[in-house]
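Colleague: Handing you a structure now.
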Amino acid sequence: MTQTRTYPIACPTCEASFDAELYESVNVQTDPDLREALLKNQLNQSVCPDCGFTFRVDKPLLYSDPANRLLVYWIPVPPDRLAEGEDLCNELIRELLAMLPEDLDSPEIQMVINRVELIERIFSAEAGLNPRIIEYIKYQIYTRNSDKVNLETHGLLLNTHDSTDKNLCFVLQNMETMKFEAMLHYPRETYEVFREMFADEEKSVDLLELFPGPYISARASLRE
Ligand SMILES: [Zn+2]
């Protein structure tokens, strides 16, 4: 269900107004090129017909990858307006579910607030990793290594590309400059221990309570 819509937009450089066709939702199973476009930061890019300035228009986007059971709403809000973003996301989820047949076994709809978070979720799903367990690991890192990882100033992102059979690799991101500053390695064995632990029904409730969604984030949960 790849969908586009035409929006009136204004060029941020010369202020010329024009109509742009932007993606509302992308299904990367039917349109794999759109996954590549997103990774290259070319999705929802517009070129001003007057001055030629190229820029990305940030708007809510639904990313769907049925093969990997992934449905993510990218709601571009700043971290200090997270509650607002979650309200909007819940509204969009209600609208979406109302359109789907009731017996359809659709995956949980997650929310992210920026492209980097969306890419993290895409690679995690493609690697078969559970986002709540990944956030649980981040939760452990934040609480046990608070001397090295400052929750207020830094975020953690899973880096699947540099992860190995032995270790999961996380990058430390400075939330002010958005630059990646360091890498942390976490034993994959421990991921498996958590996965088995949370397969238990009672335990899985604890994990859901910690990260109720739609925005599943250790940092957001700890900063509440
Ligand atoms: Zn322009």
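Letters A, B, ... mark the chains of the structure tokens in the order given; residue numbers begin at 1 per chain; ligand numbers begin at 1, in order shown.
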Taking only C-alpha atoms and all ligand atoms and a cut-off of 10 Å, can you tell me which residues surround ligand 1, written as a list of chain:residue names?

Modeller: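 Listing the residues within 10 Å of ligand 1 gives A:Ala10, A:Cys11, A:Pro12, A:Thr13, A:Cys14, A:Glu15, A:Ala16, A:Ser17, A:Phe18, A:Val47, A:Cys48, A:Pro49, A:Asp50, A:Cys51, A:Gly52, A:Phe53, A:Thr54, A:Phe55.
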
Colleague: Give the helix (DSSP H, G or I) residues of region 38-134 of chain A, as assigned by DSSP on the backbone, as an NGL selection string.

Modeller: :A and (38-39 or 66-68 or 79-99 or 115-126 or 131-134)

Colleague: Those same residues, written as a compact mmCIF listing (two decimals), in the first residue's frame with N, CA and C atoms?

Modeller:
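Printed below is selection_18.txt as written:
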```txt
# COMPACT_ATOMS: atom_id res chain seq x y z
N LEU A 38 14.97 5.64 0.98
CA LEU A 38 14.95 6.07 2.38
C LEU A 38 16.35 6.01 2.97
N LEU A 39 17.06 4.90 2.72
CA LEU A 39 18.41 4.74 3.27
C LEU A 39 19.35 5.81 2.73
N PRO A 66 5.91 -6.15 4.99
CA PRO A 66 5.14 -7.33 5.42
C PRO A 66 6.01 -8.57 5.61
N ALA A 67 7.03 -8.76 4.77
CA ALA A 67 7.86 -9.97 4.87
C ALA A 67 8.56 -10.05 6.22
N ASN A 68 8.95 -8.89 6.76
CA ASN A 68 9.61 -8.87 8.07
C ASN A 68 8.67 -8.46 9.20
N PRO A 79 12.10 15.70 20.33
CA PRO A 79 11.93 14.87 21.53
C PRO A 79 11.09 15.53 22.63
N ASP A 80 11.11 16.86 22.69
CA ASP A 80 10.33 17.52 23.75
C ASP A 80 8.84 17.59 23.41
N ARG A 81 8.46 17.13 22.21
CA ARG A 81 7.03 17.10 21.88
C ARG A 81 6.59 15.67 21.59
N LEU A 82 7.21 14.74 22.33
CA LEU A 82 6.96 13.32 22.15
C LEU A 82 5.48 12.96 22.40
N ALA A 83 4.90 13.53 23.45
CA ALA A 83 3.52 13.20 23.82
C ALA A 83 2.57 13.57 22.67
N GLU A 84 2.82 14.74 22.09
CA GLU A 84 2.04 15.20 20.95
C GLU A 84 2.17 14.21 19.78
N GLY A 85 3.41 13.78 19.53
CA GLY A 85 3.69 12.82 18.46
C GLY A 85 2.97 11.50 18.70
N GLU A 86 2.96 11.06 19.96
CA GLU A 86 2.30 9.79 20.27
C GLU A 86 0.79 9.90 20.09
N ASP A 87 0.22 11.05 20.44
CA ASP A 87 -1.22 11.27 20.23
C ASP A 87 -1.55 11.18 18.75
N LEU A 88 -0.74 11.85 17.93
CA LEU A 88 -0.96 11.83 16.49
C LEU A 88 -0.81 10.41 15.95
N CYS A 89 0.22 9.71 16.44
CA CYS A 89 0.46 8.34 15.98
C CYS A 89 -0.72 7.45 16.34
N ASN A 90 -1.21 7.57 17.58
CA ASN A 90 -2.35 6.73 17.99
C ASN A 90 -3.58 7.01 17.13
N GLU A 91 -3.76 8.27 16.75
CA GLU A 91 -4.88 8.64 15.89
C GLU A 91 -4.72 7.98 14.50
N LEU A 92 -3.50 8.06 13.97
CA LEU A 92 -3.23 7.45 12.66
C LEU A 92 -3.39 5.93 12.72
N ILE A 93 -2.98 5.33 13.85
CA ILE A 93 -3.13 3.88 14.01
C ILE A 93 -4.61 3.50 14.03
N ARG A 94 -5.42 4.29 14.74
CA ARG A 94 -6.87 4.02 14.78
C ARG A 94 -7.47 4.08 13.38
N GLU A 95 -7.10 5.11 12.63
CA GLU A 95 -7.60 5.26 11.26
C GLU A 95 -7.19 4.08 10.39
N LEU A 96 -5.93 3.67 10.55
CA LEU A 96 -5.40 2.58 9.73
C LEU A 96 -6.11 1.27 10.07
N LEU A 97 -6.27 0.99 11.37
CA LEU A 97 -6.90 -0.26 11.79
C LEU A 97 -8.35 -0.32 11.35
N ALA A 98 -9.01 0.86 11.30
CA ALA A 98 -10.41 0.90 10.87
C ALA A 98 -10.55 0.51 9.40
N MET A 99 -9.46 0.71 8.64
CA MET A 99 -9.51 0.38 7.21
C MET A 99 -9.17 -1.08 6.93
N ARG A 115 14.64 9.75 11.09
CA ARG A 115 15.00 8.76 10.06
C ARG A 115 16.00 7.74 10.60
N VAL A 116 16.91 8.18 11.46
CA VAL A 116 17.92 7.27 12.00
C VAL A 116 17.24 6.16 12.84
N GLU A 117 16.24 6.57 13.61
CA GLU A 117 15.50 5.57 14.40
C GLU A 117 14.75 4.60 13.48
N LEU A 118 14.21 5.14 12.40
CA LEU A 118 13.48 4.27 11.45
C LEU A 118 14.44 3.26 10.83
N ILE A 119 15.62 3.72 10.45
CA ILE A 119 16.61 2.81 9.85
C ILE A 119 17.03 1.73 10.86
N GLU A 120 17.18 2.15 12.13
CA GLU A 120 17.52 1.17 13.18
C GLU A 120 16.46 0.07 13.24
N ARG A 121 15.18 0.48 13.20
CA ARG A 121 14.08 -0.51 13.27
C ARG A 121 14.04 -1.40 12.03
N ILE A 122 14.35 -0.82 10.86
CA ILE A 122 14.34 -1.60 9.62
C ILE A 122 15.40 -2.69 9.70
N PHE A 123 16.63 -2.31 10.05
CA PHE A 123 17.72 -3.29 10.11
C PHE A 123 17.47 -4.32 11.22
N SER A 124 16.91 -3.87 12.36
CA SER A 124 16.62 -4.82 13.45
C SER A 124 15.63 -5.87 12.99
N ALA A 125 14.55 -5.41 12.32
CA ALA A 125 13.52 -6.34 11.87
C ALA A 125 14.10 -7.30 10.83
N GLU A 126 14.94 -6.77 9.95
CA GLU A 126 15.54 -7.62 8.91
C GLU A 126 16.49 -8.65 9.54
N PRO A 131 12.45 -5.41 18.89
CA PRO A 131 12.79 -4.04 19.30
C PRO A 131 12.69 -3.80 20.81
N ARG A 132 11.74 -4.48 21.47
CA ARG A 132 11.62 -4.26 22.93
C ARG A 132 12.81 -4.84 23.67
N ILE A 133 13.33 -5.97 23.19
CA ILE A 133 14.50 -6.55 23.86
C ILE A 133 15.74 -5.69 23.60
N ILE A 134 15.84 -5.14 22.41
CA ILE A 134 16.95 -4.22 22.10
C ILE A 134 16.86 -2.99 23.03
```

Colleague: Residues within 12 Å of Ile137 (chain A), please, as a PyMOL selection string. Count only C-alpha atoms; anything in the same chain fewer than 6 positions from it doesn't count.

Modeller: chain A and resi 129-131+143-145+156-158+168-170+184-195+207+217-219

Colleague: Determine the nearest neighbour of Pro8 (chain A) from the options A:Glu224, A:Leu104, A:Ser25, A:Val57, counting only C-alpha atoms.

Modeller: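 Result for the nearest residue to Pro8 (chain A): A:Val57.
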
Colleague: Looking only at the backbone, which of the residues in region 11-42 of chain A does DSSP tag as strand (DSSP E), as a tab-separated table (two decimals) with N, CA and C atoms, in the first residue's frame?

Modeller:
```
chain	number	residue	atom	x	y	z
A	17	SER	N	6.28	28.96	-3.80
A	17	SER	CA	5.39	27.86	-3.43
A	17	SER	C	5.11	27.00	-4.65
A	18	PHE	N	5.02	25.72	-4.41
A	18	PHE	CA	4.74	24.78	-5.50
A	18	PHE	C	4.10	23.52	-4.92
A	19	ASP	N	3.57	22.68	-5.80
A	19	ASP	CA	2.96	21.42	-5.35
A	19	ASP	C	3.98	20.30	-5.45
A	20	ALA	N	4.04	19.48	-4.42
A	20	ALA	CA	4.96	18.35	-4.46
A	20	ALA	C	4.21	17.07	-4.13
A	21	GLU	N	4.55	16.01	-4.83
A	21	GLU	CA	3.94	14.72	-4.54
A	21	GLU	C	4.82	14.00	-3.52
A	22	LEU	N	4.24	13.72	-2.36
A	22	LEU	CA	5.02	13.11	-1.28
A	22	LEU	C	4.42	11.77	-0.87
A	23	TYR	N	5.28	10.92	-0.33
A	23	TYR	CA	4.81	9.60	0.12
A	23	TYR	C	4.10	9.69	1.46
A	24	GLU	N	2.91	9.06	1.52
A	24	GLU	CA	2.17	8.92	2.76
A	24	GLU	C	2.57	7.59	3.42
A	25	SER	N	2.71	6.58	2.56
A	25	SER	CA	3.10	5.25	3.04
A	25	SER	C	3.92	4.56	1.95
A	26	VAL	N	4.84	3.71	2.40
A	26	VAL	CA	5.63	2.92	1.45
A	26	VAL	C	5.57	1.45	1.85
A	27	ASN	N	5.35	0.60	0.86
A	27	ASN	CA	5.41	-0.84	1.07
A	27	ASN	C	6.66	-1.32	0.34
```

Colleague: With only C-alpha atoms as the basis for distance, which of A:Ile9, A:Val72, A:Leu151, A:Val28 is at the shortest distance from Glu108 (chain A)?

Modeller: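 For Glu108 (chain A), the nearest of the given residues is A:Val72.
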
Colleague: Can you list, as a VMD selection string, every protein, DNA or RNA residue that comes within 7 Å of Tyr215 (chain A) when you count only C-alpha atoms, leaving out same-chain residues fewer than 3 positions away?

Modeller: chain A and resid 86 110 to 112

Colleague: Grab the residues selected above and save them as a short mmCIF file (atom, residue, chain, number, x, y, z; two decimals), in the first residue's frame with C-alpha atoms.

Modeller:
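Written file, result22.cif:
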```cif
data_model
loop_
_atom_site.label_atom_id
_atom_site.label_comp_id
_atom_site.auth_asym_id
_atom_site.auth_seq_id
_atom_site.Cartn_x
_atom_site.Cartn_y
_atom_site.Cartn_z
CA GLU A 86 2.30 9.79 20.27
CA GLN A 110 5.66 1.17 16.14
CA MET A 111 6.53 4.84 16.14
CA VAL A 112 9.86 6.58 15.53
#
```

Colleague: At a cut-off of 7 Å, using only C-alpha atoms, what residues contact Asn174 (chain A)? Leave out same-chain residues fewer than 6 positions from it and give the result as number ranges by chain.

Modeller: A: 153-155, 180-181
